[in-house]
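Undergrad: A single structure is presented below for examination.
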Amino acid sequence: SNLPKLNNLNIISTYTSGTKALNEIRKSKIDLILLGAELEDMRGFEFLSMLENPPLVILISSKPEDAVKAFEYNILDFIEKPFQ
């Protein structure tokens, strides 16, 4: 993973496939997901709709209009790409 080390944050894995991520989430305790709006096999919103008990989610998208829709899913926050 190229994510920085943060205290008290254990990065379990990174996925480009929503299907693979869903399988991991269903068998592990996940507290936070950084979710891209476009996965290789589905949209981020489709992924969110498949979560039975979603953890906290931060959605990352290049489309500002995704922010309004994201909050319909009770996400924690929205980050617009590109970001630094």
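A note on labels: chains of the structure tokens are A, B, ... as shown, every chain counts residues from 1, and ligands are counted from 1 in their shown order.
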For Ile30 (chain A), work out the shell of residues within 10 Å, counting only C-alpha atoms and skipping chain neighbours fewer than 4 positions away, then give it as a list in words.
TA: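 Near Ile30 (chain A), the qualifying residues are Asn10, Ile11, Ile12, Glu24, Ile25, Arg26, Pro54, Pro55 and Leu56 of chain A.
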Undergrad: Write the residues of the selection above to a file with all heavy atoms, as a JSON list (two decimals), in the first residue's frame.
TA:
[["chain", "number", "residue", "atom", "x", "y", "z"],
["A", 10, "ASN", "N", -4.85, 0.74, 11.04],
["A", 10, "ASN", "CA", -4.31, -0.48, 10.48],
["A", 10, "ASN", "C", -4.96, -0.69, 9.12],
["A", 10, "ASN", "O", -6.15, -1.00, 9.04],
["A", 10, "ASN", "CB", -4.62, -1.67, 11.41],
["A", 10, "ASN", "CG", -4.10, -2.98, 10.87],
["A", 10, "ASN", "OD1", -3.21, -3.00, 10.03],
["A", 10, "ASN", "ND2", -4.64, -4.07, 11.36],
["A", 11, "ILE", "N", -4.20, -0.51, 8.05],
["A", 11, "ILE", "CA", -4.73, -0.68, 6.70],
["A", 11, "ILE", "C", -4.73, -2.16, 6.39],
["A", 11, "ILE", "O", -3.68, -2.80, 6.32],
["A", 11, "ILE", "CB", -3.89, 0.12, 5.68],
["A", 11, "ILE", "CG1", -3.96, 1.60, 6.03],
["A", 11, "ILE", "CG2", -4.39, -0.14, 4.27],
["A", 11, "ILE", "CD1", -2.97, 2.46, 5.28],
["A", 12, "ILE", "N", -5.93, -2.71, 6.22],
["A", 12, "ILE", "CA", -6.06, -4.14, 5.96],
["A", 12, "ILE", "C", -5.66, -4.46, 4.53],
["A", 12, "ILE", "O", -4.90, -5.37, 4.28],
["A", 12, "ILE", "CB", -7.49, -4.62, 6.26],
["A", 12, "ILE", "CG1", -7.75, -4.51, 7.75],
["A", 12, "ILE", "CG2", -7.70, -6.04, 5.76],
["A", 12, "ILE", "CD1", -9.13, -4.87, 8.17],
["A", 24, "GLU", "N", -13.98, -9.29, 1.58],
["A", 24, "GLU", "CA", -13.12, -9.01, 2.73],
["A", 24, "GLU", "C", -13.93, -8.36, 3.86],
["A", 24, "GLU", "O", -13.80, -8.73, 5.03],
["A", 24, "GLU", "CB", -11.96, -8.10, 2.32],
["A", 24, "GLU", "CG", -11.02, -7.75, 3.46],
["A", 24, "GLU", "CD", -10.24, -8.95, 3.98],
["A", 24, "GLU", "OE1", -9.85, -9.81, 3.17],
["A", 24, "GLU", "OE2", -10.01, -9.00, 5.20],
["A", 25, "ILE", "N", -14.76, -7.41, 3.52],
["A", 25, "ILE", "CA", -15.55, -6.68, 4.52],
["A", 25, "ILE", "C", -16.49, -7.63, 5.26],
["A", 25, "ILE", "O", -16.70, -7.50, 6.46],
["A", 25, "ILE", "CB", -16.33, -5.53, 3.85],
["A", 25, "ILE", "CG1", -15.34, -4.44, 3.43],
["A", 25, "ILE", "CG2", -17.39, -4.96, 4.77],
["A", 25, "ILE", "CD1", -15.93, -3.40, 2.51],
["A", 26, "ARG", "N", -17.03, -8.60, 4.55],
["A", 26, "ARG", "CA", -17.97, -9.54, 5.17],
["A", 26, "ARG", "C", -17.31, -10.47, 6.17],
["A", 26, "ARG", "O", -17.97, -11.04, 7.02],
["A", 26, "ARG", "CB", -18.70, -10.32, 4.08],
["A", 26, "ARG", "CG", -19.69, -9.44, 3.34],
["A", 26, "ARG", "CD", -20.44, -10.18, 2.26],
["A", 26, "ARG", "NE", -21.43, -9.29, 1.65],
["A", 26, "ARG", "CZ", -21.64, -9.20, 0.34],
["A", 26, "ARG", "NH1", -20.94, -9.94, -0.49],
["A", 26, "ARG", "NH2", -22.55, -8.37, -0.13],
["A", 54, "PRO", "N", -22.88, -0.94, 6.88],
["A", 54, "PRO", "CA", -21.69, -0.22, 6.41],
["A", 54, "PRO", "C", -20.92, 0.45, 7.55],
["A", 54, "PRO", "O", -21.51, 0.98, 8.49],
["A", 54, "PRO", "CB", -22.26, 0.83, 5.46],
["A", 54, "PRO", "CG", -23.71, 0.87, 5.68],
["A", 54, "PRO", "CD", -24.12, -0.38, 6.38],
["A", 55, "PRO", "N", -19.59, 0.37, 7.46],
["A", 55, "PRO", "CA", -18.76, 1.12, 8.39],
["A", 55, "PRO", "C", -18.76, 2.60, 7.97],
["A", 55, "PRO", "O", -19.49, 2.98, 7.05],
["A", 55, "PRO", "CB", -17.37, 0.49, 8.18],
["A", 55, "PRO", "CG", -17.40, 0.03, 6.76],
["A", 55, "PRO", "CD", -18.82, -0.39, 6.49],
["A", 56, "LEU", "N", -17.95, 3.39, 8.60],
["A", 56, "LEU", "CA", -17.78, 4.78, 8.15],
["A", 56, "LEU", "C", -17.18, 4.76, 6.75],
["A", 56, "LEU", "O", -16.29, 3.95, 6.45],
["A", 56, "LEU", "CB", -16.86, 5.53, 9.10],
["A", 56, "LEU", "CG", -17.36, 5.69, 10.54],
["A", 56, "LEU", "CD1", -16.28, 6.32, 11.40],
["A", 56, "LEU", "CD2", -18.64, 6.50, 10.58]]
Undergrad: Can you tell me, as a list in words, which residues in region 5-65 of chain A count as alpha helix (DSSP H) by DSSP?
TA: Gly18, Thr19, Lys20, Ala21, Leu22, Asn23, Glu24, Ile25, Arg26, Lys27, Gly44, Phe45, Glu46, Phe47, Leu48, Ser49 and Glu65 of chain A
Undergrad: Save out the residues we just selected, all heavy atoms, as a CSV table (one decimal), in the first residue's frame.
TA:
chain,number,residue,atom,x,y,z
A,18,GLY,N,-14.7,-4.1,-6.4
A,18,GLY,CA,-15.7,-4.0,-5.4
A,18,GLY,C,-16.1,-5.4,-4.9
A,18,GLY,O,-16.3,-5.6,-3.7
A,19,THR,N,-16.1,-6.3,-5.8
A,19,THR,CA,-16.5,-7.7,-5.4
A,19,THR,C,-15.5,-8.3,-4.4
A,19,THR,O,-15.9,-8.8,-3.4
A,19,THR,CB,-16.6,-8.6,-6.6
A,19,THR,OG1,-17.5,-8.0,-7.5
A,19,THR,CG2,-17.0,-10.0,-6.3
A,20,LYS,N,-14.2,-8.1,-4.7
A,20,LYS,CA,-13.2,-8.6,-3.7
A,20,LYS,C,-13.2,-7.9,-2.4
A,20,LYS,O,-13.1,-8.4,-1.4
A,20,LYS,CB,-11.8,-8.5,-4.4
A,20,LYS,CG,-11.6,-9.5,-5.5
A,20,LYS,CD,-10.2,-9.3,-6.1
A,20,LYS,CE,-10.1,-10.3,-7.3
A,20,LYS,NZ,-8.8,-10.1,-8.0
A,21,ALA,N,-13.5,-6.5,-2.5
A,21,ALA,CA,-13.6,-5.8,-1.2
A,21,ALA,C,-14.8,-6.2,-0.4
A,21,ALA,O,-14.7,-6.3,0.8
A,21,ALA,CB,-13.7,-4.3,-1.6
A,22,LEU,N,-15.9,-6.4,-1.0
A,22,LEU,CA,-17.1,-6.9,-0.3
A,22,LEU,C,-16.8,-8.2,0.4
A,22,LEU,O,-17.2,-8.4,1.6
A,22,LEU,CB,-18.3,-7.1,-1.3
A,22,LEU,CG,-19.0,-5.8,-1.7
A,22,LEU,CD1,-19.9,-6.1,-2.8
A,22,LEU,CD2,-19.7,-5.2,-0.5
A,23,ASN,N,-16.1,-9.1,-0.2
A,23,ASN,CA,-15.8,-10.4,0.4
A,23,ASN,C,-14.9,-10.2,1.6
A,23,ASN,O,-15.1,-10.9,2.7
A,23,ASN,CB,-15.1,-11.3,-0.6
A,23,ASN,CG,-16.0,-11.8,-1.7
A,23,ASN,OD1,-17.2,-11.9,-1.5
A,23,ASN,ND2,-15.5,-12.2,-2.8
A,24,GLU,N,-14.0,-9.3,1.6
A,24,GLU,CA,-13.1,-9.0,2.7
A,24,GLU,C,-13.9,-8.4,3.9
A,24,GLU,O,-13.8,-8.7,5.0
A,24,GLU,CB,-12.0,-8.1,2.3
A,24,GLU,CG,-11.0,-7.8,3.5
A,24,GLU,CD,-10.2,-8.9,4.0
A,24,GLU,OE1,-9.9,-9.8,3.2
A,24,GLU,OE2,-10.0,-9.0,5.2
A,25,ILE,N,-14.8,-7.4,3.5
A,25,ILE,CA,-15.5,-6.7,4.5
A,25,ILE,C,-16.5,-7.6,5.3
A,25,ILE,O,-16.7,-7.5,6.5
A,25,ILE,CB,-16.3,-5.5,3.9
A,25,ILE,CG1,-15.3,-4.4,3.4
A,25,ILE,CG2,-17.4,-5.0,4.8
A,25,ILE,CD1,-15.9,-3.4,2.5
A,26,ARG,N,-17.0,-8.6,4.6
A,26,ARG,CA,-18.0,-9.5,5.2
A,26,ARG,C,-17.3,-10.5,6.2
A,26,ARG,O,-18.0,-11.0,7.0
A,26,ARG,CB,-18.7,-10.3,4.1
A,26,ARG,CG,-19.7,-9.4,3.3
A,26,ARG,CD,-20.4,-10.2,2.3
A,26,ARG,NE,-21.4,-9.3,1.7
A,26,ARG,CZ,-21.6,-9.2,0.3
A,26,ARG,NH1,-20.9,-9.9,-0.5
A,26,ARG,NH2,-22.5,-8.4,-0.1
A,27,LYS,N,-16.0,-10.6,6.1
A,27,LYS,CA,-15.3,-11.6,7.0
A,27,LYS,C,-14.4,-10.9,8.0
A,27,LYS,O,-13.8,-11.5,8.8
A,27,LYS,CB,-14.6,-12.6,6.3
A,27,LYS,CG,-13.4,-12.2,5.4
A,27,LYS,CD,-12.8,-13.3,4.6
A,27,LYS,CE,-11.6,-12.8,3.8
A,27,LYS,NZ,-11.0,-13.9,3.1
A,44,GLY,N,-19.1,3.1,-7.1
A,44,GLY,CA,-19.0,3.1,-5.6
A,44,GLY,C,-20.4,3.1,-5.0
A,44,GLY,O,-20.6,2.5,-3.9
A,45,PHE,N,-21.4,3.7,-5.6
A,45,PHE,CA,-22.8,3.7,-5.0
A,45,PHE,C,-23.4,2.3,-5.0
A,45,PHE,O,-24.1,1.9,-4.1
A,45,PHE,CB,-23.7,4.7,-5.7
A,45,PHE,CG,-23.2,6.1,-5.5
A,45,PHE,CD1,-22.8,6.9,-6.6
A,45,PHE,CD2,-23.2,6.7,-4.2
A,45,PHE,CE1,-22.4,8.2,-6.4
A,45,PHE,CE2,-22.8,8.0,-4.0
A,45,PHE,CZ,-22.3,8.8,-5.1
A,46,GLU,N,-23.1,1.6,-6.1
A,46,GLU,CA,-23.6,0.2,-6.1
A,46,GLU,C,-22.9,-0.6,-5.0
A,46,GLU,O,-23.6,-1.4,-4.3
A,46,GLU,CB,-23.2,-0.4,-7.5
A,46,GLU,CG,-23.7,-1.8,-7.7
A,46,GLU,CD,-23.3,-2.4,-9.0
A,46,GLU,OE1,-22.7,-1.7,-9.9
A,46,GLU,OE2,-23.6,-3.6,-9.2
A,47,PHE,N,-21.6,-0.4,-4.8
A,47,PHE,CA,-20.9,-1.0,-3.7
A,47,PHE,C,-21.5,-0.7,-2.4
A,47,PHE,O,-21.8,-1.6,-1.6
A,47,PHE,CB,-19.4,-0.6,-3.7
A,47,PHE,CG,-18.6,-1.1,-2.6
A,47,PHE,CD1,-18.0,-2.3,-2.7
A,47,PHE,CD2,-18.4,-0.4,-1.5
A,47,PHE,CE1,-17.2,-2.8,-1.7
A,47,PHE,CE2,-17.6,-0.8,-0.4
A,47,PHE,CZ,-17.0,-2.1,-0.6
A,48,LEU,N,-21.8,0.6,-2.1
A,48,LEU,CA,-22.4,1.0,-0.9
A,48,LEU,C,-23.8,0.3,-0.6
A,48,LEU,O,-24.1,-0.1,0.5
A,48,LEU,CB,-22.6,2.5,-0.9
A,48,LEU,CG,-21.4,3.4,-0.7
A,48,LEU,CD1,-21.7,4.8,-0.9
A,48,LEU,CD2,-20.8,3.1,0.7
A,49,SER,N,-24.5,0.2,-1.7
A,49,SER,CA,-25.9,-0.4,-1.6
A,49,SER,C,-25.8,-1.9,-1.2
A,49,SER,O,-26.8,-2.5,-0.7
A,49,SER,CB,-26.7,-0.2,-2.8
A,49,SER,OG,-26.2,-1.0,-3.9
A,65,GLU,N,-20.9,16.4,-8.4
A,65,GLU,CA,-22.3,16.0,-8.2
A,65,GLU,C,-22.4,14.7,-7.4
A,65,GLU,O,-23.5,14.4,-6.9
A,65,GLU,CB,-23.0,15.9,-9.6
A,65,GLU,CG,-22.5,14.8,-10.5
A,65,GLU,CD,-21.4,15.3,-11.4
A,65,GLU,OE1,-20.8,16.4,-11.2
A,65,GLU,OE2,-21.1,14.6,-12.4
Undergrad: Write out as a list in words which residues come within 7 Å of Ile79 (chain A) when counting only C-alpha atoms, dropping same-chain ones fewer than 6 positions away.
TA: Leu59, Ile60 and Ser61 of chain A
Undergrad: Counting only C-alpha atoms, which residue out of A:Thr16, A:Leu51, A:Val57, A:Ile75 sits closest to Glu38 (chain A)?
TA: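 With only C-alpha atoms as the atom set, the closest residue is A:Thr16.
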